[in-house]
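What follows is the content of data.txt, which has compact mmCIF, C-alpha atoms:
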```txt
# COMPACT_ATOMS: atom_id res chain seq x y z
CA MET A 1 -14.02 -34.61 3.84
CA ASN A 2 -11.95 -31.85 5.35
CA ARG A 3 -10.96 -30.68 1.96
CA THR A 4 -14.55 -30.30 0.80
CA ILE A 5 -15.44 -28.27 3.86
CA PHE A 6 -12.43 -26.05 3.24
CA ARG A 7 -13.42 -25.57 -0.38
CA VAL A 8 -16.97 -24.65 0.47
CA CYS A 9 -15.89 -22.09 3.05
CA VAL A 10 -13.39 -20.51 0.76
CA MET A 11 -15.33 -20.58 -2.43
CA SER A 12 -18.62 -19.19 -1.24
CA PRO A 13 -17.60 -15.53 -0.86
CA LEU A 14 -15.84 -15.70 -4.22
CA ARG A 15 -18.89 -17.00 -6.02
CA ALA A 16 -21.16 -14.59 -4.28
CA HIS A 17 -19.07 -11.69 -5.51
CA LYS A 18 -18.89 -13.00 -9.04
CA LYS A 19 -22.66 -12.97 -9.30
CA LEU A 20 -23.09 -9.43 -8.08
CA SER A 21 -21.74 -7.29 -10.82
CA ARG A 22 -22.26 -3.65 -9.95
CA SER A 23 -25.90 -3.98 -9.01
CA TYR A 24 -27.79 -1.03 -7.63
CA SER A 25 -31.07 -1.74 -6.01
CA SER A 26 -31.54 1.61 -4.35
CA ILE A 27 -33.78 4.53 -5.10
CA CYS A 28 -32.45 7.45 -7.12
CA TRP A 29 -31.69 10.44 -4.87
CA ASN A 30 -32.97 12.81 -7.51
CA CYS A 31 -36.13 11.40 -9.11
CA GLU A 32 -36.91 8.57 -6.63
CA HIS A 33 -37.13 5.94 -9.35
CA ASN A 34 -35.56 2.52 -8.75
CA THR A 35 -32.08 2.47 -10.22
CA THR A 36 -30.01 -0.53 -11.17
CA SER A 37 -27.01 1.19 -12.70
CA LEU A 38 -24.35 3.83 -12.19
CA PHE A 39 -26.59 6.45 -13.75
CA CYS A 40 -30.32 6.60 -13.10
CA LYS A 41 -32.22 5.25 -16.13
CA SER A 42 -34.94 7.82 -15.82
CA CYS A 43 -33.13 11.09 -14.99
CA ASN A 44 -29.54 10.13 -15.95
CA LYS A 45 -28.05 11.42 -12.68
CA VAL A 46 -24.97 9.74 -11.23
CA GLN A 47 -25.67 7.56 -8.18
CA PRO A 48 -23.61 7.42 -4.94
CA PRO A 49 -21.41 4.32 -4.58
CA THR A 50 -23.16 1.46 -2.77
CA ASN A 51 -20.31 -1.05 -2.78
CA LYS A 52 -17.37 0.86 -1.37
CA ASP A 53 -15.71 -2.30 -0.08
CA ASN A 54 -15.49 -4.25 -3.28
CA TYR A 55 -12.94 -3.02 -5.75
CA PHE A 56 -13.65 -5.82 -8.22
CA GLU A 57 -17.29 -4.81 -8.43
CA ALA A 58 -16.32 -1.18 -8.75
CA LEU A 59 -14.38 -2.01 -11.91
CA ASN A 60 -16.83 -4.59 -13.28
CA VAL A 61 -14.28 -7.38 -13.35
CA PRO A 62 -14.56 -10.94 -11.95
CA ALA A 63 -13.23 -11.27 -8.39
CA VAL A 64 -10.30 -13.54 -9.19
CA TYR A 65 -6.58 -13.03 -8.58
CA ASN A 66 -5.61 -13.80 -12.16
CA VAL A 67 -7.58 -10.85 -13.42
CA ASP A 68 -6.95 -9.59 -16.94
CA VAL A 69 -4.88 -6.42 -16.39
CA ASP A 70 -5.71 -5.08 -19.84
CA GLN A 71 -9.40 -5.44 -19.14
CA LEU A 72 -8.83 -3.70 -15.81
CA GLU A 73 -7.21 -0.74 -17.51
CA HIS A 74 -9.93 -0.61 -20.13
CA GLU A 75 -12.72 -0.61 -17.54
CA PHE A 76 -10.89 1.99 -15.46
CA LYS A 77 -10.52 4.41 -18.36
CA ASP A 78 -14.04 3.78 -19.53
CA LEU A 79 -15.52 4.49 -16.10
CA GLN A 80 -13.37 7.57 -15.51
CA LYS A 81 -14.55 8.96 -18.82
CA LYS A 82 -18.08 8.92 -17.48
CA LEU A 83 -17.43 9.65 -13.80
CA HIS A 84 -14.59 12.14 -13.61
CA PRO A 85 -15.56 15.29 -11.65
CA ASP A 86 -14.52 17.40 -14.67
CA LYS A 87 -17.64 16.11 -16.40
CA PHE A 88 -19.81 17.56 -13.67
CA THR A 89 -18.52 21.12 -13.35
CA GLY A 90 -21.93 22.51 -14.23
CA ALA A 91 -23.95 19.98 -12.25
CA SER A 92 -25.58 20.39 -8.86
CA GLU A 93 -23.45 20.20 -5.72
CA GLU A 94 -24.92 16.85 -4.80
CA GLU A 95 -24.17 15.33 -8.16
CA GLN A 96 -20.63 16.70 -8.06
CA ARG A 97 -20.13 15.04 -4.71
CA TYR A 98 -21.37 11.66 -5.96
CA SER A 99 -19.22 11.85 -9.05
CA ALA A 100 -16.17 12.63 -6.89
CA GLN A 101 -16.99 9.66 -4.63
CA GLN A 102 -17.45 7.30 -7.55
CA SER A 103 -14.39 8.55 -9.31
CA SER A 104 -12.15 8.18 -6.27
CA LEU A 105 -13.51 4.69 -5.60
CA VAL A 106 -12.69 3.66 -9.16
CA ASN A 107 -9.26 5.24 -8.79
CA ASN A 108 -8.46 3.42 -5.55
CA ALA A 109 -9.77 0.18 -7.01
CA TYR A 110 -7.56 0.47 -10.08
CA GLN A 111 -4.42 1.44 -8.13
CA THR A 112 -4.91 -1.55 -5.84
CA LEU A 113 -5.88 -4.19 -8.37
CA LYS A 114 -3.29 -3.43 -11.04
CA ASP A 115 -0.44 -4.18 -8.62
CA PRO A 116 -0.01 -7.93 -8.11
CA GLN A 117 1.14 -7.57 -4.50
CA LEU A 118 -1.54 -5.11 -3.43
CA ARG A 119 -4.13 -7.20 -5.28
CA ALA A 120 -3.13 -10.34 -3.40
CA THR A 121 -3.26 -8.57 -0.04
CA TYR A 122 -6.62 -7.07 -0.94
CA MET A 123 -8.02 -10.45 -2.07
CA LEU A 124 -6.99 -12.14 1.16
CA GLU A 125 -8.19 -9.37 3.45
CA ASN A 126 -11.39 -8.17 1.86
CA ILE A 127 -12.68 -10.98 -0.34
CA LEU A 128 -11.51 -14.18 1.34
CA HIS A 129 -11.26 -12.76 4.88
CA ALA A 130 -7.99 -14.58 5.49
CA ASP A 131 -5.51 -11.79 6.18
CA VAL A 132 -1.87 -12.55 6.86
CA GLU A 133 -1.71 -10.75 10.19
CA ASN A 134 -1.80 -13.80 12.46
CA LEU A 135 0.12 -16.12 10.18
CA GLN A 136 2.84 -18.11 11.98
CA LEU A 137 6.17 -17.94 10.20
CA SER A 138 9.01 -20.33 10.88
CA LYS A 139 11.96 -19.18 12.99
CA GLU A 140 14.37 -20.06 10.19
CA PHE A 141 12.55 -17.79 7.77
CA LEU A 142 12.51 -14.86 10.22
CA MET A 143 16.19 -15.43 11.01
CA ASP A 144 17.06 -15.32 7.32
CA MET A 145 15.14 -12.08 6.88
CA MET A 146 16.77 -10.56 9.97
CA GLU A 147 20.24 -11.48 8.72
CA LEU A 148 19.61 -10.00 5.28
CA MET A 149 18.33 -6.75 6.80
CA GLU A 150 21.17 -6.52 9.31
CA GLU A 151 23.72 -7.06 6.59
CA ILE A 152 22.27 -4.26 4.49
CA GLU A 153 22.20 -1.89 7.44
CA THR A 154 25.56 -2.62 9.02
CA ASP A 155 27.91 -4.00 6.37
CA ARG A 156 30.00 -1.00 5.35
CA SER A 157 31.88 -2.94 2.66
CA LEU A 158 28.83 -3.17 0.40
CA THR A 159 29.10 -0.87 -2.60
CA GLU A 160 26.41 0.79 -4.66
CA ASP A 161 26.75 -1.96 -7.26
CA ASP A 162 26.22 -4.61 -4.58
CA PHE A 163 23.00 -2.91 -3.55
CA ARG A 164 21.84 -2.66 -7.15
CA ARG A 165 22.58 -6.34 -7.68
CA ARG A 166 20.55 -7.21 -4.60
CA LYS A 167 17.67 -5.08 -5.75
CA GLU A 168 17.72 -6.99 -9.02
CA GLN A 169 17.74 -10.32 -7.15
CA ILE A 170 14.82 -9.22 -5.01
CA SER A 171 12.77 -8.20 -8.01
CA GLN A 172 13.50 -11.55 -9.70
CA HIS A 173 12.55 -13.38 -6.54
CA LYS A 174 9.33 -11.36 -6.40
CA GLN A 175 8.46 -12.27 -9.99
CA HIS A 176 8.91 -15.91 -9.05
CA ILE A 177 6.62 -15.51 -6.04
CA PHE A 178 3.97 -13.80 -8.18
CA LYS A 179 3.90 -16.90 -10.38
CA ASN A 180 3.48 -19.16 -7.35
CA LEU A 181 0.85 -16.82 -5.98
CA SER A 182 -1.22 -17.02 -9.12
CA GLU A 183 -1.01 -20.83 -9.00
CA SER A 184 -2.09 -20.82 -5.34
CA PHE A 185 -5.12 -18.69 -6.07
CA LYS A 186 -5.96 -20.77 -9.12
CA SER A 187 -5.98 -23.98 -7.09
CA ASN A 188 -7.68 -22.24 -4.16
CA ASN A 189 -4.77 -22.91 -1.85
CA ILE A 190 -5.30 -20.00 0.52
CA ALA A 191 -2.72 -21.18 3.07
CA ASP A 192 0.02 -20.98 0.45
CA ALA A 193 -1.25 -17.64 -0.83
CA ARG A 194 -1.01 -16.17 2.66
CA TYR A 195 2.51 -17.44 3.02
CA HIS A 196 3.54 -15.94 -0.32
CA VAL A 197 2.06 -12.55 0.59
CA ALA A 198 4.04 -12.57 3.85
CA GLU A 199 7.19 -13.38 1.88
CA LEU A 200 6.47 -10.46 -0.44
CA ASN A 201 5.99 -8.11 2.51
CA TYR A 202 9.43 -9.00 3.85
CA LEU A 203 11.03 -8.64 0.44
CA SER A 204 9.44 -5.20 0.10
CA ARG A 205 10.92 -4.17 3.42
CA ILE A 206 14.38 -5.32 2.35
CA ASP A 207 13.91 -3.46 -0.90
CA ASN A 208 13.04 -0.29 1.03
CA LEU A 209 16.13 -0.67 3.19
CA ILE A 210 18.25 -0.89 0.04
CA ASN A 211 16.52 2.19 -1.37
CA GLU A 212 17.62 4.14 1.69
CA LYS A 213 21.22 3.17 0.96
CA LEU A 214 21.09 4.17 -2.69
CA PRO A 215 21.42 7.74 -3.93
CA TYR A 216 18.10 9.50 -4.33
CA CYS A 217 18.03 9.39 -8.14
CA CYS A 218 18.32 5.58 -8.33
CA ILE A 219 15.13 4.73 -6.50
CA ASP A 220 12.66 2.94 -8.66
CA TYR A 221 9.28 4.23 -7.60
CA LYS A 222 7.44 1.30 -9.11
CA THR A 223 8.55 -1.03 -6.33
CA LYS A 224 6.60 -0.66 -3.15
CA MET B 1 -10.89 25.13 -16.73
CA LEU B 2 -7.49 23.49 -16.37
CA ARG B 3 -6.23 26.46 -14.44
CA GLN B 4 -9.26 26.28 -12.23
CA PHE B 5 -8.66 22.61 -11.60
CA ALA B 6 -5.00 23.26 -10.78
CA ARG B 7 -6.01 25.90 -8.29
CA TYR B 8 -8.58 23.56 -6.80
CA SER B 9 -6.15 20.69 -6.46
CA ARG B 10 -3.50 22.94 -4.95
CA THR B 11 -5.77 24.20 -2.21
CA HIS B 12 -7.14 20.70 -1.73
CA LEU B 13 -3.64 19.25 -1.36
CA ASN B 14 -2.64 21.92 1.10
CA GLN B 15 -5.68 21.10 3.15
CA THR B 16 -4.89 17.38 3.26
CA ASN B 17 -1.23 18.04 4.13
CA TYR B 18 -2.32 20.18 6.98
CA LEU B 19 -4.71 17.49 8.12
CA ILE B 20 -2.09 14.78 8.02
CA SER B 21 0.52 16.77 9.89
CA ASN B 22 -2.10 17.78 12.41
CA GLN B 23 -3.13 14.17 12.90
CA THR B 24 0.42 12.93 13.41
CA ARG B 25 0.99 15.61 15.97
CA THR B 26 -1.94 14.41 17.99
CA LYS B 27 -1.56 10.71 17.23
CA TYR B 28 1.98 10.05 18.40
CA GLY B 29 2.91 11.03 21.91
CA GLU B 30 6.25 12.35 23.12
CA THR B 31 7.20 9.09 24.86
CA LEU B 32 6.80 7.19 21.62
CA ILE B 33 8.82 9.66 19.58
CA ASP B 34 11.55 9.68 22.22
CA HIS B 35 11.82 5.86 22.15
CA TYR B 36 11.78 5.87 18.36
CA LYS B 37 14.49 8.51 18.00
CA ASN B 38 16.66 7.28 20.88
CA PRO B 39 15.92 3.56 21.16
CA ARG B 40 17.28 2.01 24.35
CA ASN B 41 19.29 -1.22 24.45
CA VAL B 42 19.79 -1.86 20.75
CA GLY B 43 22.17 -4.73 20.08
CA SER B 44 22.56 -8.39 20.84
CA LEU B 45 23.72 -10.77 23.57
CA ASP B 46 25.53 -14.08 23.35
CA LYS B 47 23.00 -16.57 22.02
CA GLY B 48 24.97 -19.55 23.37
CA ASP B 49 24.94 -18.34 27.00
CA LYS B 50 22.65 -20.50 29.13
CA ASN B 51 21.47 -17.41 31.01
CA VAL B 52 20.36 -15.66 27.81
CA GLY B 53 16.91 -16.19 26.36
CA SER B 54 16.52 -15.26 22.68
CA ALA B 55 13.45 -14.69 20.60
CA ILE B 56 12.69 -13.76 17.04
CA VAL B 57 9.17 -12.72 16.13
CA GLY B 58 7.61 -11.21 13.05
CA ALA B 59 4.52 -9.40 11.85
CA PRO B 60 3.88 -10.90 8.41
CA ALA B 61 1.26 -8.32 7.49
CA CYS B 62 3.79 -5.47 7.52
CA GLY B 63 7.08 -7.32 7.07
CA ASP B 64 8.35 -6.42 10.54
CA VAL B 65 10.89 -8.56 12.32
CA MET B 66 12.06 -8.25 15.93
CA LYS B 67 14.96 -9.91 17.74
CA PHE B 68 14.70 -9.80 21.51
CA GLN B 69 17.16 -11.13 24.10
CA VAL B 70 17.11 -11.19 27.89
CA GLN B 71 19.96 -12.08 30.24
CA PHE B 72 19.21 -13.42 33.71
CA ASP B 73 21.54 -13.51 36.71
CA ASP B 74 21.92 -16.51 39.02
CA ASN B 75 19.04 -15.30 41.19
CA GLY B 76 16.70 -15.44 38.21
CA ARG B 77 16.40 -11.70 37.62
CA VAL B 78 16.92 -9.92 34.33
CA VAL B 79 20.23 -8.04 34.32
CA ASP B 80 20.33 -7.06 30.67
CA ALA B 81 18.05 -6.95 27.65
CA LYS B 82 18.81 -6.14 24.01
CA PHE B 83 16.73 -5.85 20.88
CA LYS B 84 16.96 -5.19 17.18
CA THR B 85 13.82 -4.34 15.26
CA PHE B 86 13.21 -3.73 11.59
CA GLY B 87 9.79 -2.18 11.48
CA CYS B 88 7.73 0.93 11.94
CA GLY B 89 8.32 3.53 14.64
CA SER B 90 5.70 1.96 16.92
CA ALA B 91 7.35 -1.46 16.71
CA ILE B 92 10.77 0.03 17.53
CA ALA B 93 9.39 2.07 20.43
CA SER B 94 7.42 -0.93 21.79
CA SER B 95 10.48 -3.17 21.85
CA SER B 96 12.60 -0.39 23.32
CA VAL B 97 10.12 0.05 26.18
CA ALA B 98 9.98 -3.73 26.64
CA THR B 99 13.77 -3.96 27.16
CA GLU B 100 13.58 -1.23 29.79
CA TRP B 101 10.69 -2.82 31.63
CA VAL B 102 12.03 -6.37 31.89
CA LYS B 103 15.23 -5.28 33.63
CA GLY B 104 15.30 -6.30 37.29
CA LYS B 105 12.22 -8.52 36.91
CA THR B 106 11.94 -12.29 37.44
CA ALA B 107 10.75 -14.54 34.62
CA GLU B 108 7.23 -14.59 36.02
CA GLU B 109 7.15 -10.84 36.44
CA CYS B 110 8.31 -10.40 32.84
CA LEU B 111 5.37 -12.50 31.65
CA SER B 112 2.94 -10.19 33.43
CA ILE B 113 3.81 -7.34 31.03
CA THR B 114 0.98 -7.13 28.50
CA ASN B 115 0.69 -5.40 25.18
CA ASN B 116 -1.96 -3.13 26.67
CA ASP B 117 0.54 -1.80 29.23
CA ILE B 118 2.98 -0.97 26.45
CA ALA B 119 0.30 0.51 24.18
CA GLN B 120 -1.00 2.66 27.01
CA HIS B 121 2.47 3.86 28.00
CA LEU B 122 3.26 4.89 24.42
CA ALA B 123 -0.29 6.11 23.68
CA LEU B 124 -0.39 3.94 20.56
CA PRO B 125 -3.28 4.63 18.20
CA PRO B 126 -5.60 1.63 17.68
CA VAL B 127 -4.17 0.78 14.25
CA LYS B 128 -0.74 0.35 15.85
CA LYS B 129 -1.85 -1.91 18.70
CA HIS B 130 -0.44 -4.97 16.94
CA CYS B 131 3.07 -3.52 17.25
CA SER B 132 2.87 -3.73 21.03
CA LEU B 133 1.54 -7.27 20.68
CA LEU B 134 4.72 -8.11 18.81
CA ALA B 135 6.78 -6.86 21.76
CA GLU B 136 4.66 -8.89 24.18
CA SER B 137 5.17 -12.10 22.24
CA ALA B 138 8.89 -11.30 22.00
CA ILE B 139 9.09 -11.14 25.81
CA ARG B 140 7.14 -14.40 26.15
CA GLU B 141 9.27 -16.22 23.63
CA SER B 142 12.58 -15.05 25.06
CA VAL B 143 11.54 -16.02 28.60
CA SER B 144 10.39 -19.47 27.49
CA ASN B 145 13.67 -19.88 25.57
CA TYR B 146 15.55 -19.06 28.78
CA LYS B 147 13.41 -21.51 30.78
CA ALA B 148 14.02 -24.26 28.22
CA LYS B 149 17.77 -23.65 28.50
CA GLN B 150 17.57 -23.79 32.28
CA ALA B 151 15.42 -26.92 32.51
CA PRO B 152 18.22 -29.50 32.05
CA HIS B 153 20.36 -27.68 34.64
CA MET B 154 17.52 -27.62 37.11
CA MET B 155 17.05 -31.36 36.75
CA LYS B 156 20.76 -31.96 37.34
CA ALA B 157 20.67 -29.81 40.46
CA GLU B 158 17.68 -31.74 41.82
CA ASN B 159 19.38 -35.08 41.24
```
Could the structure of this file be written out as C-alpha cells, please?
Amino acid sequence: MNRTIFRVCVMSPLRAHKKLSRSYSSICWNCEHNTTSLFCKSCNKVQPPTNKDNYFEALNVPAVYNVDVDQLEHEFKDLQKKLHPDKFTGASEEEQRYSAQQSSLVNNAYQTLKDPQLRATYMLENILHADVENLQLSKEFLMDMMELMEEIETDRSLTEDDFRRRKEQISQHKQHIFKNLSESFKSNNIADARYHVAELNYLSRIDNLINEKLPYCCIDYKTK
Amino acid sequence: MLRQFARYSRTHLNQTNYLISNQTRTKYGETLIDHYKNPRNVGSLDKGDKNVGSAIVGAPACGDVMKFQVQFDDNGRVVDAKFKTFGCGSAIASSSVATEWVKGKTAEECLSITNNDIAQHLALPPVKKHCSLLAESAIRESVSNYKAKQAPHMMKAEN
C-alpha cells in the first residue's frame, strides 16, 4: 500500500514531463499568430523560451536519468545550429535577444545533463523535488569523510604519487556510484538516489582537496 | 565577424567580471571575511573526556562536514570549544563564531543560540543561510552528547 502511494507521488511529475515535449502554446511576439514551436510557423521568428526550468524539455529528450548522451549531444548541436546568436546578426534587437536566451538555455541544459553527477542533482532538485539538502547521513559516514579530509590536509608524509593514487581511487569509486545511481533511478528508488548524490558530493570535495595539494598542471578539469 | 564576436565577448566578459567582484564586495561582510581568514578555535578536544561533548554534522547538498566540540567545567559552563570544518567560507565562519559564542555559557544558554543570530552577525546572504543552520545543529548535537555523557553520573550522585 505504502509502496503504491510512493510510486504514484514520485512518478507523476516524471510522466507529466515526458508528455510535454517542447510545447509552445503562446502567441508569437511578432505576428500574433498562435505558435507551437521554437520558430513561429507563420513568420519564422524565434520565440522566447517558455520552459526555462526544464532542461530535458529544452533539449527534446525524455526526462529520465539514463538519458542517451549521444542523443543529447546531437540535439544540442542541432538546436545550436538554429539558435546561435551568430545566426541573428542581421535580425531585429528583439529577435537577437530571444535567440541569445534560447541559446544560453540550451547551453546550460547541455552542460548540466551531460555530466552524470550534475544530471542526478538536477533530476532530484528540479524534476522529482527531492533535493539532498535535508538528508540525514549516518555519523559513521561523516566520520569517515572527516578522517579522509583531515588526512589529506594534515599528513605531511603523503607524496604526490599518493595523492594521484587517491584521485584514481576516488574516480573509480565515483564510477561505481554512477552505476548504482542509474539502477536507483531505473527502479525509482529515490531514497537511494539521494544517498548516492550525497556520497558523490563528499567525494568531489575530497577530490578538490587533493587538487589543491597537487601541482597546478596536474589538475584534471573534467572532475568537478 | 569573428573579430567582432571576439570583441563583443571580451567586453561582455569584462562586464560580468566586474559584476561578480562587485557583488562579492557587497555580499560578504568584514566580520565574515575575518572569521574565514582567521578562524578561531580550530582543533579538537579529548573525545573520551566526560566533560567534552562532541558532534559531527554534514550538509549533504554541498559535501560540507563539521566537527564541533565543547568542554564544560564542573559548574556546567563551557570553558573551551573547538571545531574543524571542511566547507565553504560561510560554513567555516559560522562554526568559528559558534565556538566563540558558546564559551562561558551553560548548556541551556548554548541551546538558545539560533542560526538566525549567527547569520545576522555574519550578514550571510540568503543562499548561505543553511551554513549557519549547520553550526546551530552542531551546537545542539554537541550539547546533547555532553548531557548524555553526564546522565549516568547524575544518577549516581542522586543515589
Contacts of stretch 45-47 of chain A at 8 Å (all atoms listed in the file; same-chain gap of 4+ positions) as a ChimeraX atom specification: /A:28-30,37-40,83,95,98-99
Would you mind listing, for every residue of chain B within 6 Å of chain A, the two atoms forming the shortest contact and the distance between them in Å to one decimal, using all atoms listed in the file, sorted by chain and ascending residue number, as CSV?
```
residue,atom,partner,partner_atom,distance
B:Pro60,CA,A:Ala198,CA,4.9
B:Ala61,CA,A:Glu133,CA,4.7
B:Gly63,CA,A:Tyr202,CA,4.3
```
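Using all atoms listed in the file, the nearest neighbour of A:Arg164 within the list A:Cys31, A:Leu118, A:Ile190, A:Leu214 is A:Leu214.
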Interatomic distance, atom CA of A:Ser104 to atom CA of A:Ala58 (Å, one decimal):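 Pair atom CA of A:Ser104 / atom CA of A:Ala58 returns 10.5 Å.
Coordinates place atom CA of A:Gln102 at a distance of 23.1 Å from atom CA of A:Ala120.
For the pair atom CA of A:Phe163 and atom CA of A:Tyr216, the interatomic distance is 13.4 Å.
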For stretch 90-106 of chain B, please output as an MDAnalysis selection string all residues within 6 Å (counting only C-alpha atoms; exclusion window: fewer than 4 positions along the same chain). chainID B and resid 32 35:36 39:40 76:79 81 85 110 131:132 135
Measuring between all atoms listed in the file, which one of A:Ser103, A:Thr154, A:Gln175, A:Gln169 shows the shortest distance to A:Gln117? A:Gln175
I'd like the contact shell of B:Leu133 - 10 Å cut-off, only C-alpha atoms, skipping same-chain residues fewer than 2 positions apart - returned as a PyMOL selection string. chain B and resi 59+91+94-95+114-116+118-119+128-131+135-139
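In this comparison, which uses only C-alpha atoms, the residue of B:Val70, B:Leu111, B:Val57, B:Ile33 approaching B:Phe86 most closely is B:Val57.
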